[in-house]
>>> print(open('entry-v6.txt').read())   # compact mmCIF, C-alpha atoms and all ligand atoms
# COMPACT_ATOMS: atom_id res chain seq x y z
CA MET T 1 120.31 118.95 77.83
CA HIS T 2 120.29 115.49 79.41
CA VAL T 3 122.82 113.40 77.52
CA VAL T 4 124.19 109.86 77.90
CA LEU T 5 127.45 108.71 76.26
CA VAL T 6 127.73 105.00 75.49
CA GLY T 7 130.79 103.33 74.02
CA PRO T 8 133.55 100.85 74.74
CA PRO T 9 136.53 101.64 76.97
CA GLY T 10 138.79 104.04 75.10
CA ALA T 11 136.15 105.28 72.64
CA GLY T 12 136.78 108.81 73.92
CA LYS T 13 133.73 109.25 76.17
CA GLY T 14 135.62 111.06 78.93
CA THR T 15 137.49 113.28 76.46
CA GLN T 16 134.32 114.32 74.65
CA ALA T 17 132.27 114.63 77.85
CA GLN T 18 134.77 117.15 79.29
CA LEU T 19 134.57 119.26 76.11
CA ILE T 20 130.79 119.06 75.67
CA ALA T 21 130.09 119.76 79.36
CA ALA T 22 132.22 122.93 79.18
CA ARG T 23 130.51 124.03 75.99
CA LEU T 24 126.94 123.41 77.24
CA HIS T 25 127.64 124.50 80.86
CA ILE T 26 126.30 121.26 82.27
CA PRO T 27 128.00 118.89 84.75
CA HIS T 28 130.02 115.95 83.49
CA VAL T 29 128.98 112.96 85.60
CA SER T 30 131.42 110.08 85.20
CA THR T 31 130.79 107.01 87.33
CA GLY T 32 134.39 105.87 86.69
CA ASP T 33 135.71 109.21 88.02
CA ILE T 34 133.45 109.04 91.09
CA PHE T 35 134.64 105.51 91.84
CA ARG T 36 138.31 106.46 91.31
CA GLY T 37 137.87 109.49 93.60
CA ASN T 38 136.53 107.17 96.30
CA VAL T 39 139.38 104.71 95.75
CA SER T 40 142.01 107.42 96.22
CA GLU T 41 140.23 108.79 99.30
CA MET T 42 140.06 105.21 100.64
CA THR T 43 136.32 105.36 101.42
CA GLU T 44 134.23 102.23 101.99
CA LEU T 45 132.67 102.71 98.52
CA GLY T 46 136.17 102.96 97.04
CA ARG T 47 137.27 99.78 98.81
CA GLN T 48 134.27 97.89 97.40
CA ALA T 49 134.68 99.32 93.87
CA ALA T 50 138.47 98.79 93.57
CA THR T 51 138.25 94.99 93.52
CA PHE T 52 135.86 95.05 90.57
CA MET T 53 137.61 97.85 88.69
CA ASN T 54 141.07 96.30 88.91
CA ALA T 55 139.66 93.04 87.51
CA GLY T 56 137.92 94.87 84.64
CA GLU T 57 134.49 93.88 85.98
CA LEU T 58 131.49 96.11 86.61
CA VAL T 59 130.75 97.35 90.12
CA PRO T 60 127.41 95.78 91.21
CA ASP T 61 124.27 97.56 89.98
CA ALA T 62 122.83 98.31 93.42
CA VAL T 63 125.92 100.27 94.53
CA THR T 64 126.25 102.13 91.22
CA ILE T 65 122.57 103.02 90.87
CA ALA T 66 122.35 104.46 94.40
CA MET T 67 125.46 106.57 93.77
CA VAL T 68 124.10 107.99 90.48
CA ARG T 69 120.66 108.65 91.96
CA ASP T 70 122.27 110.80 94.67
CA ARG T 71 124.39 112.66 92.12
CA LEU T 72 121.52 113.44 89.74
CA ALA T 73 119.39 114.79 92.59
CA LYS T 74 121.96 117.57 93.23
CA PRO T 75 120.80 121.03 92.07
CA ASP T 76 123.52 121.49 89.42
CA ALA T 77 122.17 118.47 87.49
CA HIS T 78 118.60 119.76 87.14
CA ALA T 79 119.27 121.87 84.06
CA GLY T 80 121.12 119.02 82.39
CA PHE T 81 124.07 116.64 82.58
CA ILE T 82 126.31 114.51 80.46
CA LEU T 83 126.47 110.99 81.84
CA ASP T 84 129.69 109.16 80.97
CA GLY T 85 129.96 105.46 81.86
CA PHE T 86 126.40 105.09 83.12
CA PRO T 87 124.21 103.22 82.38
CA ARG T 88 126.22 100.13 81.57
CA THR T 89 123.63 97.38 82.08
CA LEU T 90 119.96 97.07 81.18
CA VAL T 91 119.07 97.21 84.89
CA GLN T 92 120.93 100.53 85.19
CA ALA T 93 119.24 101.89 82.04
CA GLU T 94 115.77 101.00 83.30
CA GLN T 95 116.55 102.51 86.69
CA LEU T 96 117.80 105.71 85.06
CA GLN T 97 114.43 106.10 83.32
CA THR T 98 112.68 105.71 86.70
CA THR T 99 115.00 108.16 88.46
CA LEU T 100 114.53 110.79 85.75
CA ALA T 101 110.74 110.35 85.83
CA GLU T 102 110.83 110.92 89.61
CA LEU T 103 112.82 114.12 89.00
CA ASP T 104 110.40 115.14 86.21
CA GLU T 105 113.21 115.03 83.65
CA ASN T 106 113.84 113.18 80.37
CA LEU T 107 116.86 112.07 78.37
CA ASP T 108 117.32 114.11 75.21
CA VAL T 109 119.82 111.88 73.43
CA VAL T 110 122.15 108.91 73.84
CA LEU T 111 125.36 109.23 71.81
CA GLN T 112 126.88 105.86 70.91
CA MET T 113 130.60 106.30 70.14
CA LYS T 114 131.99 103.70 67.74
CA THR T 115 135.56 102.83 66.82
CA ASP T 116 137.51 99.63 66.13
CA ASP T 117 139.22 97.46 68.78
CA ASP T 118 142.82 98.08 67.61
CA GLU T 119 142.31 101.82 68.00
CA LEU T 120 140.69 101.32 71.43
CA VAL T 121 143.75 99.40 72.65
CA ARG T 122 146.10 102.10 71.26
CA ARG T 123 144.12 104.83 73.00
CA LEU T 124 143.94 103.02 76.36
CA SER T 125 147.59 101.94 76.43
CA GLY T 126 148.82 105.51 75.81
CA ARG T 127 146.34 107.29 78.07
CA ARG T 128 147.68 109.42 80.93
CA VAL T 129 145.50 111.38 83.36
CA CYS T 130 146.44 114.55 85.25
CA GLN T 131 146.56 113.93 88.99
CA GLY T 132 145.54 117.55 89.62
CA CYS T 133 142.72 118.62 87.27
CA GLY T 134 141.81 115.22 85.74
CA ARG T 135 142.52 116.34 82.15
CA ILE T 136 142.92 113.29 79.90
CA TRP T 137 146.08 113.15 77.74
CA HIS T 138 147.63 110.63 75.37
CA LEU T 139 151.35 109.92 74.90
CA ASP T 140 151.09 110.04 71.08
CA TYR T 141 147.69 111.52 70.14
CA ASP T 142 147.52 114.35 72.67
CA PRO T 143 150.89 114.73 74.41
CA THR T 144 151.75 117.38 76.99
CA SER T 145 154.47 119.86 75.99
CA VAL T 146 156.68 118.78 78.92
CA ALA T 147 156.78 115.04 79.64
CA ASN T 148 154.68 113.95 82.64
CA SER T 149 153.44 117.46 83.47
CA CYS T 150 149.91 118.70 82.74
CA ASP T 151 149.88 121.75 80.42
CA GLU T 152 146.79 123.08 82.18
CA CYS T 153 147.74 122.87 85.87
CA GLY T 154 151.34 121.61 86.06
CA TYR T 155 150.55 118.49 88.12
CA GLY T 156 152.06 115.10 87.26
CA LEU T 157 150.33 112.47 85.14
CA SER T 158 149.48 108.90 86.03
CA GLN T 159 148.37 105.74 84.26
CA ARG T 160 145.12 104.13 85.36
CA ASP T 161 145.45 100.76 87.12
CA ASP T 162 142.87 99.22 84.77
CA ASP T 163 144.79 100.23 81.62
CA ARG T 164 147.01 97.11 81.81
CA PRO T 165 146.70 94.86 78.68
CA GLU T 166 144.97 91.91 80.40
CA THR T 167 142.45 94.18 82.13
CA ILE T 168 141.79 96.09 78.90
CA ARG T 169 140.88 92.79 77.19
CA ARG T 170 138.44 91.90 79.97
CA ARG T 171 136.86 95.40 79.96
CA LEU T 172 136.21 95.13 76.21
CA GLN T 173 134.60 91.72 76.71
CA VAL T 174 132.41 93.01 79.54
CA TYR T 175 131.34 95.92 77.33
CA ARG T 176 130.21 93.56 74.53
CA GLU T 177 128.33 91.29 76.93
CA GLN T 178 126.70 93.72 79.33
CA THR T 179 126.63 97.20 77.80
CA GLU T 180 126.07 96.71 74.07
CA PRO T 181 122.46 95.54 74.65
CA LEU T 182 121.73 99.17 75.60
CA VAL T 183 121.96 100.05 71.91
CA ASP T 184 118.70 98.17 71.21
CA PHE T 185 117.12 99.58 74.39
CA TYR T 186 117.77 103.19 73.36
CA THR T 187 116.99 102.56 69.68
CA GLU T 188 113.52 101.43 70.72
CA LEU T 189 113.12 104.61 72.78
CA LYS T 190 114.23 106.61 69.69
CA LEU T 191 117.02 108.24 71.66
CA LEU T 192 120.09 106.75 69.96
CA ALA T 193 122.48 108.75 67.76
CA VAL T 194 125.52 106.86 66.45
CA ILE T 195 128.79 108.81 66.28
CA ASP T 196 131.85 107.77 64.29
CA ALA T 197 134.50 108.16 67.04
CA THR T 198 137.49 107.67 64.71
CA GLY T 199 139.60 110.64 63.64
CA THR T 200 140.92 113.51 65.72
CA VAL T 201 139.38 114.71 68.97
CA ASP T 202 138.18 117.87 67.19
CA GLU T 203 136.52 115.89 64.41
CA VAL T 204 134.68 113.71 66.94
CA THR T 205 133.61 116.79 68.93
CA LEU T 206 132.18 118.34 65.79
CA ARG T 207 130.15 115.20 65.01
CA SER T 208 128.96 114.98 68.62
CA VAL T 209 127.86 118.62 68.76
CA GLN T 210 126.02 118.21 65.45
CA ALA T 211 124.16 115.20 66.85
CA LEU T 212 123.27 117.14 70.01
CA MET T 213 121.92 120.04 67.96
CA GLU T 214 119.84 117.67 65.84
CA ALA T 215 118.43 116.07 68.99
CA ARG T 216 117.66 119.46 70.47
CA SER T 217 115.72 120.58 67.41
CA ALA T 218 113.87 117.23 66.96
P1 LIG T 301 135.23 104.24 83.25
O1 LIG T 301 136.15 105.19 83.86
O2 LIG T 301 133.88 104.68 82.86
O3 LIG T 301 136.01 103.58 82.03
P2 LIG T 301 135.54 103.09 80.58
O4 LIG T 301 134.10 103.14 80.24
O5 LIG T 301 136.16 101.75 80.47
O6 LIG T 301 136.06 104.14 79.63
P3 LIG T 301 137.42 104.80 79.67
O7 LIG T 301 137.43 105.89 80.69
O8 LIG T 301 138.52 103.78 79.75
O9 LIG T 301 137.51 105.39 78.17
P4 LIG T 301 136.84 106.65 77.53
O10 LIG T 301 135.87 106.19 76.48
O11 LIG T 301 136.35 107.61 78.54
O12 LIG T 301 138.12 107.22 76.77
P5 LIG T 301 139.00 108.53 77.04
O13 LIG T 301 138.24 109.75 76.67
O14 LIG T 301 139.63 108.47 78.40
O15 LIG T 301 135.04 102.98 84.21
C1 LIG T 301 136.12 102.35 84.85
C2 LIG T 301 135.59 101.21 85.72
O16 LIG T 301 134.70 101.71 86.73
C3 LIG T 301 134.77 100.15 84.98
O17 LIG T 301 135.58 99.17 84.36
C4 LIG T 301 133.94 99.57 86.14
O18 LIG T 301 134.68 98.70 86.93
C5 LIG T 301 133.62 100.81 86.96
N1 LIG T 301 132.37 101.45 86.53
C6 LIG T 301 132.25 102.69 85.99
N2 LIG T 301 130.96 102.95 85.69
C7 LIG T 301 130.26 101.84 86.05
C8 LIG T 301 128.88 101.49 85.96
N3 LIG T 301 127.97 102.32 85.43
N4 LIG T 301 128.51 100.27 86.42
C9 LIG T 301 129.40 99.44 86.97
N5 LIG T 301 130.73 99.69 87.05
C10 LIG T 301 131.15 100.89 86.60
O19 LIG T 301 140.12 108.33 75.90
C11 LIG T 301 141.06 107.28 75.99
C12 LIG T 301 142.42 107.79 75.44
O20 LIG T 301 142.28 108.07 74.05
C13 LIG T 301 142.91 109.10 76.09
O21 LIG T 301 144.28 109.04 76.26
C14 LIG T 301 142.54 110.20 75.06
O22 LIG T 301 143.46 111.27 75.09
C15 LIG T 301 142.61 109.43 73.74
N6 LIG T 301 141.62 109.90 72.77
C16 LIG T 301 140.32 110.23 72.98
N7 LIG T 301 139.74 110.58 71.83
C17 LIG T 301 140.69 110.45 70.87
C18 LIG T 301 140.68 110.64 69.44
N8 LIG T 301 139.59 111.05 68.78
N9 LIG T 301 141.83 110.38 68.77
C19 LIG T 301 142.94 109.98 69.42
N10 LIG T 301 143.01 109.78 70.77
C20 LIG T 301 141.89 110.00 71.47
>>> encode(input="entry-v6.txt", output="structure tokens", more="lines below")
Ligand code: AP5
Amino acid sequence: MHVVLVGPPGAGKGTQAQLIAARLHIPHVSTGDIFRGNVSEMTELGRQAATFMNAGELVPDAVTIAMVRDRLAKPDAHAGFILDGFPRTLVQAEQLQTTLAELDENLDVVLQMKTDDDELVRRLSGRRVCQGCGRIWHLDYDPTSVANSCDECGYGLSQRDDDRPETIRRRLQVYREQTEPLVDFYTELKLLAVIDATGTVDEVTLRSVQALMEARSA
């Protein structure tokens, strides 16, 4: 399946994408993760992206689109993918349609994950990410059994630089201004499925998988 996840920062896109990708045996393509990987490896792309990310702004479309086009052309993405964090602007959404047409592929469904702002802030402020395997944890909602040590690989956890309160506020604003218009775009294409992203991780996974199955049988 070719799936896009859309939702504000902290909606649980990365958490659900990891679970769904494992279940469907398709790659999880996260533009945020690719940018962060480049930042930690100190590449030129990482240097360019870091300024925007730390300010809570979007990395320019041209850079992001070229990066995703390269990733989707790799053989493991031909049978399907779950795109997390892309597209985020109308220009990116239109370009994704073009790229998929060139690859003779189509989107099956766009899952829009919805939850309220207070919950988003709680989720982002308590988020911790494993520095080894990338597993996403939460201090209260999904804690590790030993503090600051990933249950799955034993590496330490870190907090993302853009999870500071002032940057969180800006990221939410940028989402409303630049990404929410995608809801109308994908509604018109009859690809949108709205998911209630409140409740436990398992409850949200169940709703997401149900929506994917409905899209598959449509
Ligand atoms: P990106 O990494 O994509 O960040 P984001 O979209 O802001 O989303 P987050 O990763 O913050 O949240 P999420 O929805 O994945 O939540 P998560 O599952 O982690 O992008 C970062 C930056 O990169 C952007 O600001 C931009 O600068 C740049 N960028 C990326 N893509 C770009 C693009 N296309 N164009 C331009 N720039 C781009 O969950 C959050 C926390 O909540 C976790 O701790 C988790 O354990 C917990 N949690 C999850 N689900 C639940 C639940 N149901 N109940 C309780 N807790 C939960």
>>> residues_around(input="entry-v6.txt", residues="T:Met213", least_positions_apart="3", cutoff="12 Å", atoms="all atoms listed in the file", output="PyMOL selection string")
chain T and resi 1+3+20+24+108-109+111+193+206-210+216-218
>>> closest_residue(input="entry-v6.txt", among="T:Asp117, T:Glu105, T:Glu44, T:Asp202", to="ligand LIG 301 (chain T)", atoms="all atoms listed in the file")
T:Asp202
>>> closest_residue(input="entry-v6.txt", among="T:Gly134, T:Pro8, T:Pro75, T:Pro27", to="ligand LIG 301 (chain T)", atoms="only C-alpha atoms and all ligand atoms")
T:Pro8
>>> residues_near_ligand(input="entry-v6.txt", ligand="ligand LIG 301 (chain T)", cutoff="7 Å", atoms="only C-alpha atoms and all ligand atoms", output="ChimeraX atom specification")
/T:7-16,30-33,35,49,52-53,56-61,64,84-88,123-124,126-128,136-138,141-142,171,197-201,204
>>> closest_residue(input="entry-v6.txt", among="T:Asp140, T:Asp151, T:Glu214, T:Asp70", to="T:Leu96", atoms="only C-alpha atoms")
T:Asp70
>>> atom_distance(input="entry-v6.txt", atom1="atom CA of T:Leu192", atom2="atom CA of T:Val110")
4.9 Å
>>> build_atoms(input="entry-v6.txt", residues="stretch 126-152 of chain T", atoms="N, CA, C and O atoms", output="PDB file, keeping the file's coordinate frame")
ATOM      1  N   GLY T 126     148.053 104.262  75.744  1.00  0.00           N
ATOM      2  CA  GLY T 126     148.820 105.510  75.810  1.00  0.00           C
ATOM      3  C   GLY T 126     148.172 106.582  76.670  1.00  0.00           C
ATOM      4  O   GLY T 126     148.687 107.693  76.778  1.00  0.00           O
ATOM      5  N   ARG T 127     147.054 106.257  77.296  1.00  0.00           N
ATOM      6  CA  ARG T 127     146.340 107.290  78.070  1.00  0.00           C
ATOM      7  C   ARG T 127     147.117 107.657  79.346  1.00  0.00           C
ATOM      8  O   ARG T 127     147.634 106.803  80.063  1.00  0.00           O
ATOM      9  N   ARG T 128     147.149 108.928  79.651  1.00  0.00           N
ATOM     10  CA  ARG T 128     147.680 109.420  80.930  1.00  0.00           C
ATOM     11  C   ARG T 128     146.676 110.449  81.445  1.00  0.00           C
ATOM     12  O   ARG T 128     146.089 111.189  80.665  1.00  0.00           O
ATOM     13  N   VAL T 129     146.505 110.484  82.762  1.00  0.00           N
ATOM     14  CA  VAL T 129     145.500 111.380  83.360  1.00  0.00           C
ATOM     15  C   VAL T 129     146.193 112.303  84.359  1.00  0.00           C
ATOM     16  O   VAL T 129     147.032 111.851  85.157  1.00  0.00           O
ATOM     17  N   CYS T 130     145.834 113.590  84.319  1.00  0.00           N
ATOM     18  CA  CYS T 130     146.440 114.550  85.250  1.00  0.00           C
ATOM     19  C   CYS T 130     145.967 114.261  86.675  1.00  0.00           C
ATOM     20  O   CYS T 130     144.763 114.120  86.915  1.00  0.00           O
ATOM     21  N   GLN T 131     146.911 114.213  87.595  1.00  0.00           N
ATOM     22  CA  GLN T 131     146.560 113.930  88.990  1.00  0.00           C
ATOM     23  C   GLN T 131     146.000 115.171  89.696  1.00  0.00           C
ATOM     24  O   GLN T 131     145.499 115.075  90.810  1.00  0.00           O
ATOM     25  N   GLY T 132     146.084 116.327  89.032  1.00  0.00           N
ATOM     26  CA  GLY T 132     145.540 117.550  89.620  1.00  0.00           C
ATOM     27  C   GLY T 132     144.142 117.842  89.108  1.00  0.00           C
ATOM     28  O   GLY T 132     143.161 117.724  89.834  1.00  0.00           O
ATOM     29  N   CYS T 133     144.017 118.168  87.806  1.00  0.00           N
ATOM     30  CA  CYS T 133     142.720 118.620  87.270  1.00  0.00           C
ATOM     31  C   CYS T 133     141.938 117.510  86.570  1.00  0.00           C
ATOM     32  O   CYS T 133     140.789 117.706  86.189  1.00  0.00           O
ATOM     33  N   GLY T 134     142.544 116.325  86.361  1.00  0.00           N
ATOM     34  CA  GLY T 134     141.810 115.220  85.740  1.00  0.00           C
ATOM     35  C   GLY T 134     141.801 115.262  84.223  1.00  0.00           C
ATOM     36  O   GLY T 134     141.213 114.398  83.578  1.00  0.00           O
ATOM     37  N   ARG T 135     142.473 116.229  83.619  1.00  0.00           N
ATOM     38  CA  ARG T 135     142.520 116.340  82.150  1.00  0.00           C
ATOM     39  C   ARG T 135     143.107 115.053  81.589  1.00  0.00           C
ATOM     40  O   ARG T 135     144.088 114.521  82.111  1.00  0.00           O
ATOM     41  N   ILE T 136     142.464 114.542  80.516  1.00  0.00           N
ATOM     42  CA  ILE T 136     142.920 113.290  79.900  1.00  0.00           C
ATOM     43  C   ILE T 136     143.904 113.621  78.776  1.00  0.00           C
ATOM     44  O   ILE T 136     143.602 114.441  77.905  1.00  0.00           O
ATOM     45  N   TRP T 137     145.063 112.959  78.777  1.00  0.00           N
ATOM     46  CA  TRP T 137     146.080 113.150  77.740  1.00  0.00           C
ATOM     47  C   TRP T 137     146.386 111.818  77.069  1.00  0.00           C
ATOM     48  O   TRP T 137     145.938 110.763  77.541  1.00  0.00           O
ATOM     49  N   HIS T 138     147.176 111.859  76.001  1.00  0.00           N
ATOM     50  CA  HIS T 138     147.630 110.630  75.370  1.00  0.00           C
ATOM     51  C   HIS T 138     149.082 110.817  74.947  1.00  0.00           C
ATOM     52  O   HIS T 138     149.443 111.868  74.415  1.00  0.00           O
ATOM     53  N   LEU T 139     149.914 109.783  75.178  1.00  0.00           N
ATOM     54  CA  LEU T 139     151.350 109.920  74.900  1.00  0.00           C
ATOM     55  C   LEU T 139     151.633 110.301  73.456  1.00  0.00           C
ATOM     56  O   LEU T 139     152.547 111.080  73.184  1.00  0.00           O
ATOM     57  N   ASP T 140     150.844 109.756  72.506  1.00  0.00           N
ATOM     58  CA  ASP T 140     151.090 110.040  71.080  1.00  0.00           C
ATOM     59  C   ASP T 140     150.041 110.996  70.497  1.00  0.00           C
ATOM     60  O   ASP T 140     150.372 111.902  69.747  1.00  0.00           O
ATOM     61  N   TYR T 141     148.762 110.768  70.804  1.00  0.00           N
ATOM     62  CA  TYR T 141     147.690 111.520  70.140  1.00  0.00           C
ATOM     63  C   TYR T 141     147.471 112.914  70.748  1.00  0.00           C
ATOM     64  O   TYR T 141     146.973 113.805  70.078  1.00  0.00           O
ATOM     65  N   ASP T 142     147.790 113.059  72.017  1.00  0.00           N
ATOM     66  CA  ASP T 142     147.520 114.350  72.670  1.00  0.00           C
ATOM     67  C   ASP T 142     148.547 114.542  73.793  1.00  0.00           C
ATOM     68  O   ASP T 142     148.214 114.542  74.973  1.00  0.00           O
ATOM     69  N   PRO T 143     149.826 114.682  73.385  1.00  0.00           N
ATOM     70  CA  PRO T 143     150.890 114.730  74.410  1.00  0.00           C
ATOM     71  C   PRO T 143     150.977 116.100  75.089  1.00  0.00           C
ATOM     72  O   PRO T 143     150.611 117.121  74.490  1.00  0.00           O
ATOM     73  N   THR T 144     151.474 116.116  76.305  1.00  0.00           N
ATOM     74  CA  THR T 144     151.750 117.380  76.990  1.00  0.00           C
ATOM     75  C   THR T 144     153.041 117.964  76.410  1.00  0.00           C
ATOM     76  O   THR T 144     153.845 117.234  75.833  1.00  0.00           O
ATOM     77  N   SER T 145     153.255 119.274  76.583  1.00  0.00           N
ATOM     78  CA  SER T 145     154.470 119.860  75.990  1.00  0.00           C
ATOM     79  C   SER T 145     155.716 119.490  76.784  1.00  0.00           C
ATOM     80  O   SER T 145     156.803 119.385  76.218  1.00  0.00           O
ATOM     81  N   VAL T 146     155.552 119.273  78.106  1.00  0.00           N
ATOM     82  CA  VAL T 146     156.680 118.780  78.920  1.00  0.00           C
ATOM     83  C   VAL T 146     156.254 117.395  79.418  1.00  0.00           C
ATOM     84  O   VAL T 146     155.143 117.239  79.926  1.00  0.00           O
ATOM     85  N   ALA T 147     157.156 116.403  79.274  1.00  0.00           N
ATOM     86  CA  ALA T 147     156.780 115.040  79.640  1.00  0.00           C
ATOM     87  C   ALA T 147     156.302 114.960  81.089  1.00  0.00           C
ATOM     88  O   ALA T 147     156.896 115.569  81.988  1.00  0.00           O
ATOM     89  N   ASN T 148     155.205 114.243  81.296  1.00  0.00           N
ATOM     90  CA  ASN T 148     154.680 113.950  82.640  1.00  0.00           C
ATOM     91  C   ASN T 148     154.279 115.190  83.447  1.00  0.00           C
ATOM     92  O   ASN T 148     154.286 115.165  84.674  1.00  0.00           O
ATOM     93  N   SER T 149     153.889 116.257  82.756  1.00  0.00           N
ATOM     94  CA  SER T 149     153.440 117.460  83.470  1.00  0.00           C
ATOM     95  C   SER T 149     152.260 118.061  82.700  1.00  0.00           C
ATOM     96  O   SER T 149     152.366 118.344  81.505  1.00  0.00           O
ATOM     97  N   CYS T 150     151.133 118.221  83.397  1.00  0.00           N
ATOM     98  CA  CYS T 150     149.910 118.700  82.740  1.00  0.00           C
ATOM     99  C   CYS T 150     150.089 120.135  82.252  1.00  0.00           C
ATOM    100  O   CYS T 150     150.500 121.003  83.016  1.00  0.00           O
ATOM    101  N   ASP T 151     149.756 120.386  80.981  1.00  0.00           N
ATOM    102  CA  ASP T 151     149.880 121.750  80.420  1.00  0.00           C
ATOM    103  C   ASP T 151     148.913 122.711  81.106  1.00  0.00           C
ATOM    104  O   ASP T 151     149.127 123.915  81.083  1.00  0.00           O
ATOM    105  N   GLU T 152     147.807 122.172  81.644  1.00  0.00           N
ATOM    106  CA  GLU T 152     146.790 123.080  82.180  1.00  0.00           C
ATOM    107  C   GLU T 152     147.016 123.447  83.638  1.00  0.00           C
ATOM    108  O   GLU T 152     146.669 124.539  84.057  1.00  0.00           O
TER     109      GLU T 152
END
